[in-house]
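Peer 1: File start06.cif follows (mmCIF, C-alpha atoms):
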data_coords
loop_
_atom_site.label_atom_id
_atom_site.label_comp_id
_atom_site.auth_asym_id
_atom_site.auth_seq_id
_atom_site.Cartn_x
_atom_site.Cartn_y
_atom_site.Cartn_z
CA MET A 1 57.61 -121.32 119.09
CA SER A 2 55.75 -122.33 122.20
CA ARG A 3 53.06 -124.95 122.03
CA LEU A 4 49.56 -124.06 123.22
CA ARG A 5 48.92 -125.85 126.52
CA TRP A 6 45.43 -127.26 126.76
CA PRO A 7 43.77 -126.36 130.08
CA CYS A 8 43.07 -129.10 132.60
CA CYS A 9 39.73 -129.88 134.23
CA GLN A 10 39.35 -127.58 137.22
CA VAL A 11 37.82 -130.20 139.50
CA GLU A 12 40.27 -130.95 142.27
CA GLY A 13 42.34 -134.04 141.55
CA CYS A 14 41.34 -134.35 137.89
CA ARG A 15 44.11 -134.08 135.32
CA ARG A 16 42.05 -134.59 132.22
CA ARG A 17 41.62 -132.07 129.49
CA ALA A 18 38.98 -129.43 129.93
CA THR A 19 36.59 -129.84 127.03
CA ARG A 20 33.54 -128.10 128.44
CA ALA A 21 32.83 -124.75 129.99
CA VAL A 22 30.32 -125.10 132.80
CA GLU A 23 28.60 -121.99 134.12
CA VAL A 24 27.82 -122.07 137.82
CA GLU A 25 25.35 -119.46 139.03
CA LEU A 26 25.81 -118.42 142.65
CA PRO A 27 22.77 -116.69 144.20
CA GLU A 28 23.36 -113.37 145.89
CA GLU A 29 21.24 -114.20 148.94
CA TRP A 30 19.05 -117.01 150.25
CA GLY A 31 16.15 -115.05 151.71
CA PRO A 32 12.46 -115.74 151.12
CA GLY A 33 12.18 -113.58 147.99
CA ILE A 34 11.06 -114.98 144.65
CA GLY A 35 13.62 -113.33 142.42
CA PHE A 36 17.33 -113.31 143.06
CA ARG A 37 20.45 -112.17 141.31
CA VAL A 38 23.27 -114.51 140.48
CA LEU A 39 26.98 -114.27 139.84
CA MET A 40 28.04 -116.51 136.99
CA VAL A 41 31.36 -118.31 137.25
CA THR A 42 32.80 -120.18 134.28
CA ILE A 43 34.57 -123.45 135.08
CA GLY A 44 36.56 -125.58 132.66
CA ALA A 45 35.82 -129.29 133.06
CA CYS A 46 36.38 -132.62 131.39
CA ARG A 47 33.44 -134.40 129.80
CA GLU A 48 32.62 -136.45 132.89
CA HIS A 49 32.98 -133.66 135.40
CA GLY A 50 31.27 -131.24 133.06
CA ALA A 51 28.06 -133.26 133.22
CA GLU A 52 28.35 -133.66 137.00
CA LEU A 53 29.08 -129.97 137.59
CA THR A 54 26.17 -128.96 135.35
CA ARG A 55 23.86 -131.19 137.39
CA ARG A 56 25.11 -129.73 140.66
CA ALA A 57 24.91 -126.16 139.39
CA LEU A 58 21.26 -126.73 138.41
CA ALA A 59 20.64 -128.31 141.82
CA VAL A 60 21.95 -125.14 143.50
CA LEU A 61 19.39 -123.02 141.63
CA GLU A 62 16.56 -125.46 142.37
CA ALA A 63 17.58 -125.53 146.02
CA ARG A 64 17.57 -121.74 146.07
CA GLY A 65 13.92 -121.73 144.93
CA GLU A 66 12.88 -124.48 147.33
CA TYR A 67 14.74 -122.93 150.25
CA ALA A 68 12.79 -119.72 149.71
CA ASP A 69 9.57 -121.77 149.66
CA LEU A 70 10.57 -123.48 152.91
CA LEU A 71 11.14 -120.14 154.58
CA THR A 72 7.74 -118.96 153.35
CA VAL A 73 6.13 -122.15 154.71
CA ILE A 74 7.82 -121.58 158.08
CA ALA A 75 6.67 -117.95 158.18
CA ASP A 76 3.09 -119.04 157.36
CA ALA A 77 3.25 -121.76 160.00
CA VAL A 78 4.34 -119.25 162.63
CA GLU A 79 1.42 -117.00 161.68
CA THR A 80 -1.10 -119.88 161.75
CA ASP A 81 0.30 -121.08 165.05
CA GLY A 82 -0.13 -117.62 166.57
CA ALA A 83 -3.68 -117.29 165.27
CA LEU A 84 -4.70 -120.73 166.57
CA ARG A 85 -3.16 -120.07 169.98
CA HIS A 86 -5.06 -116.78 170.11
CA GLN A 87 -8.35 -118.56 169.28
CA VAL A 88 -7.79 -121.26 171.90
CA GLU A 89 -6.95 -118.66 174.55
CA ALA A 90 -10.03 -116.58 173.65
CA LEU A 91 -12.27 -119.65 173.89
CA ASP A 92 -10.73 -120.61 177.22
CA ARG A 93 -11.47 -117.12 178.55
CA GLU A 94 -15.06 -117.35 177.28
CA LEU A 95 -15.41 -120.73 178.96
CA VAL A 96 -14.28 -119.33 182.28
CA GLU A 97 -16.80 -116.49 181.92
CA ALA A 98 -19.58 -118.90 180.93
CA ALA A 99 -18.80 -121.13 183.90
CA GLY A 100 -19.01 -118.09 186.17
CA ALA A 101 -22.34 -117.06 184.64
CA ALA A 102 -23.74 -120.58 185.04
CA ASP A 103 -22.66 -120.66 188.70
CA TYR A 104 -24.35 -117.31 189.25
CA GLN A 105 -27.58 -118.55 187.66
CA ARG A 106 -27.53 -121.71 189.77
CA GLU A 107 -27.01 -119.75 192.95
CA HIS A 108 -29.77 -117.34 191.92
CA ALA A 109 -32.12 -120.27 191.29
CA GLU A 110 -31.30 -121.81 194.66
CA ARG A 111 -32.05 -118.54 196.45
CA ALA A 112 -35.29 -118.11 194.53
CA GLU A 113 -36.34 -121.64 195.45
CA ALA A 114 -35.51 -121.02 199.10
CA ALA A 115 -37.53 -117.80 199.07
CA LEU A 116 -40.43 -119.60 197.45
CA ARG A 117 -40.38 -122.31 200.12
CA ILE A 118 -40.41 -119.71 202.85
CA ALA A 119 -43.29 -117.90 201.17
CA GLN A 120 -45.24 -121.13 200.82
CA ALA A 121 -44.62 -122.03 204.43
CA ALA A 122 -45.88 -118.61 205.51
CA ALA A 123 -48.99 -118.97 203.34
CA ALA A 124 -49.93 -122.38 204.83
CA PRO A 125 -49.50 -122.03 208.66
CA THR A 126 -52.24 -124.59 209.52
CA ASP A 127 -50.53 -127.55 207.99
CA PRO A 128 -51.04 -130.22 210.68
CA ALA A 129 -47.88 -132.14 210.05
CA GLY A 130 -45.89 -128.93 210.04
CA VAL A 131 -44.51 -129.93 206.74
CA TRP A 132 -44.80 -127.51 203.93
CA LEU A 133 -45.06 -128.78 200.44
CA ASP A 134 -43.00 -127.81 197.59
CA ALA A 135 -44.65 -125.80 194.90
CA HIS A 136 -43.87 -128.58 192.46
CA GLN A 137 -45.71 -131.11 194.57
CA ALA A 138 -48.81 -129.07 195.31
CA PRO A 139 -51.44 -131.54 196.55
CA ALA A 140 -54.95 -131.85 195.19
CA PRO A 141 -57.60 -130.17 197.39
CA ALA A 142 -59.13 -133.54 198.37
CA GLU A 143 -55.84 -134.76 199.75
CA VAL A 144 -55.41 -131.64 201.87
CA GLU A 145 -58.76 -132.21 203.45
CA GLY A 146 -57.74 -135.72 204.42
CA GLY A 147 -59.50 -137.52 201.58
CA ALA A 148 -62.69 -137.88 203.67
CA ALA A 149 -64.85 -136.70 200.85
CA MET B 1 36.89 -122.16 130.81
CA VAL B 2 40.24 -120.88 131.99
CA ARG B 3 40.95 -117.64 130.16
CA GLN B 4 44.29 -115.96 129.93
CA ILE B 5 45.71 -112.47 129.50
CA GLY B 6 49.09 -113.32 128.11
CA LYS B 7 50.41 -115.58 130.83
CA LEU B 8 48.04 -114.25 133.45
CA GLN B 9 44.70 -115.88 133.95
CA ARG B 10 41.53 -113.84 133.95
CA CYS B 11 38.90 -113.79 136.62
CA ALA B 12 36.45 -116.69 136.18
CA VAL B 13 33.41 -114.50 136.73
CA ARG B 14 31.61 -113.94 133.46
CA GLY B 15 32.15 -110.48 132.07
CA CYS B 16 35.13 -109.69 134.29
CA GLN B 17 38.34 -108.96 132.43
CA ALA B 18 40.53 -108.39 135.49
CA ALA B 19 43.56 -110.49 136.24
CA VAL B 20 43.39 -113.28 138.79
CA ASN B 21 44.98 -112.60 142.12
CA ASN B 22 42.97 -114.89 144.39
CA MET B 23 41.86 -118.48 144.35
CA VAL B 24 38.43 -119.41 145.62
CA GLU B 25 37.35 -122.99 146.20
CA ILE B 26 33.79 -123.67 145.16
CA GLU B 27 32.31 -126.71 146.87
CA LEU B 28 29.20 -127.89 145.07
CA PRO B 29 27.00 -130.25 147.12
CA ALA B 30 26.16 -133.61 145.58
CA THR B 31 22.62 -133.56 146.96
CA TRP B 32 20.31 -131.18 148.77
CA THR B 33 18.48 -133.79 150.78
CA ALA B 34 18.22 -133.49 154.55
CA ASP B 35 20.70 -136.32 155.01
CA GLU B 36 23.53 -135.21 157.29
CA ALA B 37 25.94 -137.71 155.73
CA ALA B 38 25.42 -136.14 152.30
CA LEU B 39 26.93 -132.90 153.59
CA ALA B 40 30.39 -134.32 153.05
CA LEU B 41 29.78 -135.20 149.40
CA VAL B 42 31.02 -132.13 147.61
CA ALA B 43 32.94 -131.50 144.42
CA THR B 44 35.68 -128.97 145.05
CA VAL B 45 36.53 -126.68 142.17
CA PRO B 46 39.25 -124.07 142.62
CA VAL B 47 38.62 -120.99 140.48
CA GLY B 48 40.73 -117.90 139.97
CA ALA B 49 39.11 -114.56 140.71
CA CYS B 50 40.07 -110.92 140.83
CA ARG B 51 40.31 -109.23 144.21
CA TRP B 52 36.76 -107.84 144.15
CA HIS B 53 35.08 -110.99 142.84
CA ALA B 54 37.04 -113.22 145.25
CA VAL B 55 35.41 -111.39 148.16
CA GLU B 56 32.00 -111.55 146.51
CA LEU B 57 32.34 -115.24 145.61
CA SER B 58 33.45 -116.08 149.15
CA ARG B 59 30.42 -114.26 150.56
CA ARG B 60 28.03 -116.06 148.23
CA LEU B 61 29.62 -119.40 148.92
CA ARG B 62 29.24 -118.86 152.67
CA GLY B 63 25.54 -118.22 152.04
CA LEU B 64 25.28 -121.38 149.96
CA TYR B 65 26.96 -123.55 152.59
CA ALA B 66 24.84 -122.04 155.36
CA ALA B 67 21.66 -122.73 153.37
CA ARG B 68 22.83 -126.30 152.78
CA ARG B 69 23.37 -126.80 156.52
CA ASP B 70 20.13 -125.01 157.48
CA LEU B 71 18.02 -127.07 155.11
CA HIS B 72 17.92 -129.95 157.59
CA SER B 73 16.85 -127.63 160.42
CA ALA B 74 14.24 -125.97 158.21
CA LEU B 75 12.66 -129.33 157.41
CA GLU B 76 12.64 -130.24 161.11
CA VAL B 77 11.00 -126.90 161.94
CA ILE B 78 8.31 -127.57 159.35
CA GLU B 79 7.66 -131.06 160.73
CA LEU B 80 7.37 -129.60 164.21
CA ALA B 81 5.07 -126.83 162.95
CA VAL B 82 2.77 -129.39 161.33
CA ALA B 83 2.57 -131.36 164.60
CA THR B 84 1.99 -128.19 166.64
CA GLU B 85 -0.73 -126.98 164.28
CA SER B 86 -2.45 -130.33 164.46
CA ALA B 87 -2.34 -130.29 168.28
CA LEU B 88 -3.63 -126.72 168.38
CA ARG B 89 -6.50 -127.56 166.04
CA ALA B 90 -7.42 -130.48 168.32
CA ASP B 91 -7.26 -128.13 171.35
CA LEU B 92 -9.44 -125.64 169.50
CA ALA B 93 -12.03 -128.28 168.60
CA ALA B 94 -12.09 -129.47 172.23
CA ALA B 95 -12.46 -125.90 173.49
CA GLN B 96 -15.30 -125.27 171.03
CA GLU B 97 -17.05 -128.40 172.23
CA ARG B 98 -16.64 -127.30 175.86
CA ALA B 99 -18.00 -123.87 174.90
CA LEU B 100 -21.12 -125.47 173.40
CA GLN B 101 -21.58 -127.57 176.54
CA ALA B 102 -21.12 -124.48 178.70
CA GLN B 103 -23.75 -122.63 176.66
CA ALA B 104 -26.18 -125.51 177.14
CA ASP B 105 -25.42 -125.57 180.90
CA LEU B 106 -25.95 -121.84 181.11
CA ALA B 107 -29.30 -122.07 179.30
CA GLU B 108 -30.34 -124.86 181.66
CA ALA B 109 -29.29 -122.82 184.69
CA GLU B 110 -31.26 -119.83 183.40
CA ARG B 111 -34.36 -122.00 182.95
CA THR B 112 -33.92 -123.41 186.45
CA ALA B 113 -33.56 -119.93 187.90
CA ALA B 114 -36.71 -118.75 186.14
CA LEU B 115 -38.88 -121.65 187.36
CA PRO B 116 -39.44 -120.55 191.01
CA ARG B 117 -40.40 -117.06 189.88
CA ALA B 118 -42.92 -118.51 187.46
CA VAL B 119 -44.39 -120.70 190.18
CA ALA B 120 -44.53 -117.78 192.64
CA ARG B 121 -46.59 -115.76 190.18
#
Rewrite the structure from the file as structure tokens, please.
Peer 2:
Amino acid sequence: MSRLRWPCCQVEGCRRRATRAVEVELPEEWGPGIGFRVLMVTIGACREHGAELTRRALAVLEARGEYADLLTVIADAVETDGALRHQVEALDRELVEAAGAADYQREHAERAEAALRIAQAAAAPTDPAGVWLDAHQAPAPAEVEGGAA
Amino acid sequence: MVRQIGKLQRCAVRGCQAAVNNMVEIELPATWTADEAALALVATVPVGACRWHAVELSRRLRGLYAARRDLHSALEVIELAVATESALRADLAAAQERALQAQADLAEAERTAALPRAVAR
């Protein structure tokens, strides 16, 4: 009659008796989905390794969830990054256009001022000093007449 | 737990009754932190599997190891993304401020351009 041989702990290098069955769940894939299917593997382990393997098996499942979250965070960051870059580029374009419009208005103002000066000079040909006055500095009538009054 | 069919062991995958004809080594990481040195801390567990499940287990284990290695890179990518987003938000705020200034300049230029016409009238 053969004696029943007790199985050993399956952890490499351990020769102790297997007293616990640890179930390790291996995820099918590590993509960014919420749900995932697992393949369950049963491992015989001694008391000490049983506790350690259980902890590591749970850590694998937690890591699976967190890894998916990380991928989601990265995907969101890429999207945010793209949107922000788009906004900055659009504002830069608007700034270039606004600068062009401001330059145009300045040039327009300068031309209008020059035209006004010419018109004023034409309207006052008897100015003795030959100096025409700017519309902004229009003198009082008494001053034009020499202040004699 | 190691199960047997007579003298033959059964596949370690739950629910599989097939005989073992492959051995797969499962390496379970000690930690999932981003520490590179922790990559070496694994518990190796050889398990017996049938032909079909040996292939499937190997595939899943490759995925697990790749995820373990990529975790460090993923955390670095996230750190970089946070820094980039912060810089872009600063750029955006600066551009918005410049846009406000440009609007004010434009309004001023329009007023200046309108002044000689008003005087001429």
Peer 1: Quick check on the file I pasted: which residues fall under the PyMOL selection byres ((chain A) within 7 of (chain B))? Write them as a VMD selection string.
Peer 2: chain A and resid 7 10 to 12 21 26 to 30 40 to 44 56 63 70 74 77 81 84 to 85 88 91 to 92 95 98 to 99 101 to 102 105 to 106 108 to 109 112 to 113 116 135
Peer 1: Any idea what the distance is between CA of Leu58 in chain A and CA of Gly35 in chain A?
Peer 2: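 Separation between CA of Leu58 in chain A and CA of Gly35 in chain A: 15.9 Å.
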Peer 1: Using the file's own x, y and z axes, what box holds all listed atoms of range 83-92 of chain B with 5 Å on each side, keeping edges along x, y and z, and what are its centre and edge lengths in Å to one decimal, as JSON?
Peer 2:
{"center_x": -3.4, "center_y": -128.5, "center_z": 167.8, "size_x": 22.0, "size_y": 15.7, "size_z": 17.1}
Peer 1: Calculate how many Å separate CA of Ala19 in chain B from CA of Arg51 in chain B, rounding to one decimal.
Peer 2: 8.7 Å
Peer 1: Nearest residue to Ala51 in chain A out of A:Ile118, A:Val22, A:Val38, A:Cys14, using all atoms listed in the file?
Peer 2: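 Nearest candidate to Ala51 in chain A out of A:Ile118, A:Val22, A:Val38, A:Cys14: A:Val22.
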Peer 1: Grab the CA of Ala75 in chain A to CA of His72 in chain B distance for me, in Å with one decimal place.
Peer 2: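 So the two atoms, CA of Ala75 in chain A and CA of His72 in chain B, lie 16.5 Å apart.
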Peer 1: For the file shown, report as a PyMOL selection string the outcome of the PyMOL selection byres ((chain A and resi 33) around 9) at residue level.
Peer 2: chain A and resi 30-32+34-36+65+68-69+72
Peer 1: Could the residues in this selection be saved with C-alpha atoms as an mmCIF file, keeping the file's coordinate frame?
Peer 2:
data_model
loop_
_atom_site.group_PDB
_atom_site.id
_atom_site.type_symbol
_atom_site.label_atom_id
_atom_site.label_comp_id
_atom_site.auth_asym_id
_atom_site.auth_seq_id
_atom_site.Cartn_x
_atom_site.Cartn_y
_atom_site.Cartn_z
ATOM 1 C CA TRP A 30 19.050 -117.010 150.250
ATOM 2 C CA GLY A 31 16.150 -115.050 151.710
ATOM 3 C CA PRO A 32 12.460 -115.740 151.120
ATOM 4 C CA ILE A 34 11.060 -114.980 144.650
ATOM 5 C CA GLY A 35 13.620 -113.330 142.420
ATOM 6 C CA PHE A 36 17.330 -113.310 143.060
ATOM 7 C CA GLY A 65 13.920 -121.730 144.930
ATOM 8 C CA ALA A 68 12.790 -119.720 149.710
ATOM 9 C CA ASP A 69 9.570 -121.770 149.660
ATOM 10 C CA THR A 72 7.740 -118.960 153.350
#
